[in-house]
Structure formats: C-alpha cells, structure tokens
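Structure first, then comments.
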Amino acid sequence: MDAPTTTSADNGTSGGGGGWFTPRNKPTTNQGSEPGPDEGHRPDATGPAGRPTNGPEARSGGTAVPPPSTAGSASTGPAEQERPSPHAISTLTSMAPPAEPRVPDQREAPTPSPSTPPVSAPPAEEASPDALLVRRAMSEVTPVADKVTSYFYALLFVRHPDLRPMFPPAMDTQRDRLLRALLTAAEHIDNTDVLVDYLRNLGRGHRKYGTRPEHYPAVGECLIAALSKYAAGVWNEDMEAAWVRTYTTISQIMIDAAAADELRAPAWWYAEIVTHELRTPDVAVITVRPDQPYPFLAGQYTSLETPWWPRIWRHYSFASAPRSDGLLSFHVKAVPAGWVSNALVHRARPGDIIRLGPPVGSMTVDHTTDSGLLCLGGGTGIAPIKAMVEDVAEHGERRPVEVFYGARTDQDLYDIDTMLRLQQSHPWLSVRAIIDQLAHQQLPDAVRAYGPWNEYDAYLSGPPGMIRSGVDALREIGIPSERIRHDSVTELIANGL
Ligand SMILES: NC(=O)C1=CN([C@@H]2O[C@H](COP(=O)(O)OP(=O)(O)OC[C@H]3O[C@@H](n4cnc5c(N)ncnc54)[C@H](O)[C@@H]3O)[C@@H](O)[C@H]2O)C=CC1
C-alpha cells in the first residue's frame, strides 16, 4: 500500500496566517495503486471498532471565539438514517461537510462507508508516541464532546464563512460528522491499512461537497484550536505537534485520493428517476438513469441527494448488479424524521433528478473462491443481497447461495416475489423468508437452525441490531470472523470499530 506522504507543519504550532498544515501543491495521484470502483474490492471482515468523540477555541490568535448560535444550536436536522453506512472506521463516516449517516435503513444512513474492517486501537504498548498523545487528548475531550463539537463548527464558520455553504443549512445530526471522522481517524492512526483505505474513500467521497485541498488547513486549525481549549489540562507542545502530524497525514491521504479520482470520475452524477414503485406504504423501489456511466460492484452502496433537501446526503445500496442498460435501483424505506427517505418515498416521481456520489463499500462477492454464500438480509437490507445474487448468477458460477430474508410481518417482505423468482431460475439459490411474528424469533436465531455453515462466507445487511447479533450468532456456529462481511453501520462503527 502506498504510504501517505505527509507534510508536517513548519513549526509544529497552530495558528498563523498560512495555517499550520500545508498540503502539497500537487497532490499525488497514485493512479496505479488505487483500485477504481470497477476494479473490485475484496470484502473486508467485519469487526467492531472503537469510537471517537468530539469537540473546539481559538488558539491561533489566542482569542476565543464564542460559538455563534447557528452552528451550535441550529437544529432540526434530519434525524433519519437511511442505509447503513458501510465503512469502517468507526465514525469516520464522513468527514467533511456532511452528511452521510449510514446505517442501512436506508440507511438514511450510511460509511459510509460501509464492510467494516476490523479497526481497533492497538494495545498501548504497540502504539506510536503520536498515537499515545492523540489518545490522551481524546480521553480528555470525550466527556465534553458536545461542547467541542459546537465550538469546532462555530470557529470554522466564523473564521471561514466561505465554507458554511458546503454544509447543510441545518446542521444538527450532521454537524459532528466531520469532527467525529477526524477524531476517529486520528485515534486509529496506527491502523494503517484500514485507515488508508477508509481515508481514500472519504477523500473521494468529499469531492461531491466541493472540498478542495485548501480547505483542509482551515479545518485543521479549528480542530487543533478546539482540542487545545478543551484538553487544556494536558495540552502541550508535544501533543500539538502529534496532532499536527496526524492531521497532516489524514489530510494528505484524502487530498491525494481525491486528486487521483478527479482524473477518472466525476465528483457526482445526476440521475433521473425512471420508475418509482411503492411496494408498501413506506417502501419504494426506485430506478434511476445516471447522466453518464456509473461503474460499481454488486454489494456496494452510494450516497444520494434529493432536490428537496440540498446538501443532505444519505446512503443506499444498489439493489441490482450492474445492468447492461446502465440503470440503477434502490430500495428506500421512509423512516420517522427521515427527510430524504420520506421525500424519496412520498414525493419523488419519474422525471425528478437526484444526485449520486461515488460507489463505496467492500461487501462484494469474492469471485476468487467458490465457497458458498450465506446471506442475511433484514428488511430493506435485502437490497444489496439481491444485487450479489444477481452478480453470482452473471458470473455463471454454481456455488451455493443461501439467502435468509427477515421481516417483521408478511407485508414487510416487499421483495419476496423477486427473490423467489431468482430462486426458480437458479438451482444453486435457496431463499428462506423469516417472519418475526410467525417464527417468534429474529433472523440471526433462525439461521442457527440450518447449516452447517462452516464452509460458507457470510454476508449480512440490515439494521444495526441485526448485524450485531448476526455476527455473534455466526461466530458461535463456527464461521470465522474473517469470513463474515457486512458494511458497517453507523452504530456499529460508533460502538466500536
Ligand atoms: N435500503 C438500503 O439500501 C439498505 C438498508 N439497510 C438497513 O437495513 C435496515 C432496514 O430497516 P427495516 O426494513 O425497517 O428492517 P427491520 O427493522 O424491520 O428489521 C428487519 C429484520 O431484521 C431482523 N432484526 C431487526 N432488528 C434485529 C435485532 N436487533 N436483532 C436481530 N435481528 C433483528 C428481524 O428479523 C427483522 O424482521 C435499516 O437499518 C437500513 O439502514 C442496509 C443495507 C441497505
């Protein structure tokens, strides 16, 4: 893997006109080393990760900037979560401007980003000196995370008002994503492999927000200012220098990845809704036509913005494998307080134009093996499972695929007809519907009754609780962790990448 090239601050201190972090003028593109969306990602094993926290003063000039009411209290942001956010690194879900919550629920959620790679903080004895200093500051600010967050954004918008339009009008649930992403990345700075992949995705994904290399120093200054204020009890020059180096590393990876991506893909795609089918009062299957080719892999997901809620992005999995006509489909469930999901289910119509971010996620089919696939899809989490089944079919493989499709009630099995049609066409496919009300048990428990599964690769997609208990259940019945894949869900991520 490419080692990120970093440029440390000149003097290791924050503040000062040019900023303490200076990205290279010419970001490295590393074209040969970064797989494009169509080059295939191996699914990563699931693993809990650690969780970060947040929080910001004006350090540079020594002048404290009181948080303006807008950032700190502006409220009313969408509370929804659409698709589970795949991604790893815990909360790193989205660093920059906005918004992608992830968790499948449509995931009006989201990091996305994502199969969750196992990211856990290395034992203290293995941690680098910088990591130890970073974590020391983190433990200091964790109890006052909300204050740090408010202060950070207040400072950012006061010092750099030109950045405000890149964030959603109402920050609320979105507001701490950038900061959380940064802090989580910093905390896991020693987990190079996972972190680099994650940050590259993050850098690519931030292109749709209009993020430019020159924005990173602004964010870094405010981050350091916030940390130094709320970790004042332990803050010193060494700690600040460690944060500067860490943030510089993080920034440079993101900047380089974005620069490389610029050479081969647009920052976003426009897509026209071509069909909108209400399958239940709350679930719609939506098909869109991107304005230009959109390469992706079955099992991946994307971020999606509607015209009704500009700059609010939510994650949804592709519900079909790549099609020859280039159309993409999504399963969207309207969730309470879900601005985007409700707009997509109840307001969107054919002819409406939405925007799509780049494809992300590593819960994809590994075609280098012929192991069987054990797939658990809960609710709208069936979307990427269906795409993966189609993917196996298109590869002409004859590997066994066993799908368990869980839903609360019979009516909630909105895509069972499609799955049963696939089963009829493919003898290697078995589909079992598990209805909580009838089975008196939830999806993960039902899977235990079948098997043995020790020769299978497992894929899970659904609500966070299902992922968590599903991973536990599968481990208990003998599937090694490295053969269990899912796109991490926000909560999962938050609870412990
Ligand atoms: N729309 C999309 O593209 C995708 C959505 N998702 C996520 O899938 C979820 C779907 O939500 P709903 O359809 O409302 O599903 P749901 O909440 O009705 O759950 C579906 C099934 O999952 C199982 N389940 C739920 N909670 C569980 C728990 N705590 N422990 C064990 N099993 C549990 C049950 O069998 C349940 O019937 C959302 O969280 C969404 O973010 C995930 C991937 C893609």
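Labels used: A, B, ... for chains in the order of the structure tokens, numbers from 1 for residues in each chain, and numbers from 1 for ligands as shown.
For range 307-377 of chain A, backbone-based DSSP assignment of strand (DSSP E) covers Trp313, Arg314, His315, Tyr316, Ser317, Leu328, Ser329, Phe330, His331, Val332, Lys333, Ile353, Ile354, Arg355, Leu356, Gly372, Leu373, Leu374, Cys375, Leu376 and Gly377 of chain A.
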Got a sec: who's within 9 Å of Leu199 in chain A, counting only C-alpha atoms, leaving out chain neighbours fewer than 2 positions off, as a PyMOL selection string?
chain A and resi 92+185+194-197+201-204+250-251+253-254+257
Of the listed residues A:Gly379, A:Pro359, A:Pro350, A:Gly478, that which approaches ligand 1 most closely, counting only C-alpha atoms and all ligand atoms:
A:Gly379
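Counting only C-alpha atoms and all ligand atoms, the residue from A:Arg475, A:Arg311, A:His346, A:Arg408 that sits nearest to ligand 1 is A:Arg408.
As for CA of Ala319 in chain A and CA of Gly377 in chain A, they are spaced 11.8 Å apart.
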Taking the chain letters and numbering used in this document, name the residues of range 183-287 of chain A that DSSP puts in alpha helix (DSSP H), as an MDAnalysis selection string.
chainID A and resid 183:187 192:205 215:230 237:262
Would you export the selected residues with C-alpha atoms as an mmCIF file, in the first residue's frame, please?
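Written file, again_27.cif:
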data_model
loop_
_atom_site.group_PDB
_atom_site.id
_atom_site.type_symbol
_atom_site.label_atom_id
_atom_site.label_comp_id
_atom_site.auth_asym_id
_atom_site.auth_seq_id
_atom_site.Cartn_x
_atom_site.Cartn_y
_atom_site.Cartn_z
ATOM 1 C CA LEU A 183 -11.065 12.304 15.616
ATOM 2 C CA THR A 184 -11.689 8.685 14.874
ATOM 3 C CA ALA A 185 -9.135 8.660 12.130
ATOM 4 C CA ALA A 186 -6.645 10.293 14.442
ATOM 5 C CA GLU A 187 -7.324 7.767 17.131
ATOM 6 C CA THR A 192 -2.520 1.992 8.629
ATOM 7 C CA ASP A 193 -4.124 -0.473 6.273
ATOM 8 C CA VAL A 194 -7.658 0.099 7.342
ATOM 9 C CA LEU A 195 -7.212 3.767 7.808
ATOM 10 C CA VAL A 196 -5.673 4.428 4.428
ATOM 11 C CA ASP A 197 -8.466 2.641 2.609
ATOM 12 C CA TYR A 198 -11.033 4.412 4.647
ATOM 13 C CA LEU A 199 -9.481 7.819 4.177
ATOM 14 C CA ARG A 200 -9.128 7.328 0.447
ATOM 15 C CA ASN A 201 -12.806 6.605 0.202
ATOM 16 C CA LEU A 202 -13.504 9.584 2.356
ATOM 17 C CA GLY A 203 -11.354 11.820 0.186
ATOM 18 C CA ARG A 204 -13.054 10.620 -2.964
ATOM 19 C CA GLY A 205 -16.479 10.979 -1.393
ATOM 20 C CA HIS A 215 -9.989 23.679 2.836
ATOM 21 C CA TYR A 216 -8.028 21.187 4.872
ATOM 22 C CA PRO A 217 -5.772 23.667 6.651
ATOM 23 C CA ALA A 218 -8.826 25.652 7.735
ATOM 24 C CA VAL A 219 -10.397 22.576 9.243
ATOM 25 C CA GLY A 220 -7.116 21.554 10.839
ATOM 26 C CA GLU A 221 -6.628 24.917 12.515
ATOM 27 C CA CYS A 222 -10.068 24.803 14.035
ATOM 28 C CA LEU A 223 -9.624 21.206 15.102
ATOM 29 C CA ILE A 224 -6.423 21.980 16.939
ATOM 30 C CA ALA A 225 -7.922 25.109 18.432
ATOM 31 C CA ALA A 226 -10.881 23.181 19.755
ATOM 32 C CA LEU A 227 -8.789 20.375 21.141
ATOM 33 C CA SER A 228 -6.315 22.674 22.810
ATOM 34 C CA LYS A 229 -9.133 24.535 24.500
ATOM 35 C CA TYR A 230 -10.982 21.529 25.832
ATOM 36 C CA GLU A 237 3.714 21.453 22.553
ATOM 37 C CA ASP A 238 4.407 17.770 22.043
ATOM 38 C CA MET A 239 0.722 16.958 21.958
ATOM 39 C CA GLU A 240 0.033 19.712 19.495
ATOM 40 C CA ALA A 241 2.871 18.552 17.265
ATOM 41 C CA ALA A 242 1.469 14.997 17.372
ATOM 42 C CA TRP A 243 -1.955 16.263 16.310
ATOM 43 C CA VAL A 244 -0.462 18.361 13.551
ATOM 44 C CA ARG A 245 1.408 15.363 12.168
ATOM 45 C CA THR A 246 -1.622 13.129 12.497
ATOM 46 C CA TYR A 247 -3.995 15.554 10.833
ATOM 47 C CA THR A 248 -1.474 16.225 8.132
ATOM 48 C CA THR A 249 -1.287 12.524 7.379
ATOM 49 C CA ILE A 250 -5.051 12.185 7.298
ATOM 50 C CA SER A 251 -5.467 15.222 5.078
ATOM 51 C CA GLN A 252 -2.814 14.217 2.643
ATOM 52 C CA ILE A 253 -4.306 10.770 2.107
ATOM 53 C CA MET A 254 -7.696 12.322 1.415
ATOM 54 C CA ILE A 255 -6.287 15.013 -0.844
ATOM 55 C CA ASP A 256 -4.259 12.528 -2.858
ATOM 56 C CA ALA A 257 -7.196 10.158 -3.232
ATOM 57 C CA ALA A 258 -9.465 12.970 -4.388
ATOM 58 C CA ALA A 259 -6.864 14.144 -6.895
ATOM 59 C CA ALA A 260 -6.460 10.647 -8.301
ATOM 60 C CA ASP A 261 -10.212 10.242 -8.526
ATOM 61 C CA GLU A 262 -10.584 13.533 -10.379
#
Write out as a list in words the residues lying within 7 Å of Thr287 in chain A, counting only C-alpha atoms and excluding same-chain residues fewer than 5 positions away.
Ile273, Val274, Thr275, His276, Leu327, Leu328, Ser329 and Phe330 of chain A
Resulting file, chosen residues, N, CA, C and O atoms, as a PDB file, in the first residue's frame:
ATOM      1  N   ILE A 273     -34.964   9.865 -12.187  1.00  0.00           N
ATOM      2  CA  ILE A 273     -35.812   8.756 -11.727  1.00  0.00           C
ATOM      3  C   ILE A 273     -36.651   8.288 -12.916  1.00  0.00           C
ATOM      4  O   ILE A 273     -37.340   9.099 -13.555  1.00  0.00           O
ATOM      5  N   VAL A 274     -36.547   7.004 -13.220  1.00  0.00           N
ATOM      6  CA  VAL A 274     -37.327   6.495 -14.360  1.00  0.00           C
ATOM      7  C   VAL A 274     -38.512   5.637 -13.911  1.00  0.00           C
ATOM      8  O   VAL A 274     -39.527   5.585 -14.593  1.00  0.00           O
ATOM      9  N   THR A 275     -38.386   4.982 -12.768  1.00  0.00           N
ATOM     10  CA  THR A 275     -39.566   4.305 -12.226  1.00  0.00           C
ATOM     11  C   THR A 275     -39.591   4.484 -10.713  1.00  0.00           C
ATOM     12  O   THR A 275     -38.544   4.594 -10.062  1.00  0.00           O
ATOM     13  N   HIS A 276     -40.802   4.527 -10.192  1.00  0.00           N
ATOM     14  CA  HIS A 276     -40.994   4.698  -8.747  1.00  0.00           C
ATOM     15  C   HIS A 276     -42.161   3.807  -8.362  1.00  0.00           C
ATOM     16  O   HIS A 276     -43.297   4.064  -8.720  1.00  0.00           O
ATOM     17  N   LEU A 327     -29.036   1.292 -15.850  1.00  0.00           N
ATOM     18  CA  LEU A 327     -29.937   1.783 -14.803  1.00  0.00           C
ATOM     19  C   LEU A 327     -29.500   1.264 -13.429  1.00  0.00           C
ATOM     20  O   LEU A 327     -28.923   0.176 -13.316  1.00  0.00           O
ATOM     21  N   LEU A 328     -29.829   2.041 -12.414  1.00  0.00           N
ATOM     22  CA  LEU A 328     -29.520   1.661 -11.037  1.00  0.00           C
ATOM     23  C   LEU A 328     -30.823   1.607 -10.257  1.00  0.00           C
ATOM     24  O   LEU A 328     -31.746   2.381 -10.541  1.00  0.00           O
ATOM     25  N   SER A 329     -30.904   0.712  -9.266  1.00  0.00           N
ATOM     26  CA  SER A 329     -32.129   0.699  -8.465  1.00  0.00           C
ATOM     27  C   SER A 329     -31.804   0.722  -6.980  1.00  0.00           C
ATOM     28  O   SER A 329     -30.731   0.280  -6.547  1.00  0.00           O
ATOM     29  N   PHE A 330     -32.759   1.281  -6.231  1.00  0.00           N
ATOM     30  CA  PHE A 330     -32.599   1.432  -4.788  1.00  0.00           C
ATOM     31  C   PHE A 330     -33.896   1.052  -4.084  1.00  0.00           C
ATOM     32  O   PHE A 330     -34.977   1.239  -4.639  1.00  0.00           O
TER      33      PHE A 330
END
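Ranking A:Val144, A:Leu356, A:Leu422, A:Ala334 by their shortest atom-to-atom distance to ligand 1, with only C-alpha atoms and all ligand atoms included, puts A:Ala334 first.
Closest approach to ligand 1 among A:Arg355, A:Lys147, A:Lys386, A:Arg323: A:Lys386, based on only C-alpha atoms and all ligand atoms.
Here atom 15 (O, counted along the ligand's line) of ligand 1 is placed at a distance of 26.2 Å from CA of Pro310 in chain A.
Going from CA of Pro384 in chain A to CA of Thr211 in chain A covers 28.9 Å.
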Can you pull out every residue within 7 Å of Val340 in chain A, counting only C-alpha atoms, but drop anything in the same chain fewer than 4 positions away, and send it as a list in words?
Thr306, Trp309 and Leu344 of chain A
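Using only C-alpha atoms and all ligand atoms, the shortest contact distance between ligand 1 and any of A:Arg177, A:Arg485, A:Arg468, A:Arg279 is found at A:Arg468.
Look at range 450-454 of chain A: the protein and nucleic acid residues within 10 Å of it, using only C-alpha atoms and passing over chain neighbours fewer than 4 places away, are Gly372, Leu373, Leu374, Glu402, Asp445, Ala446, Ala458, Leu474, Arg475, Ile477, Gly478, Ile479, Pro480 and Arg483 of chain A.
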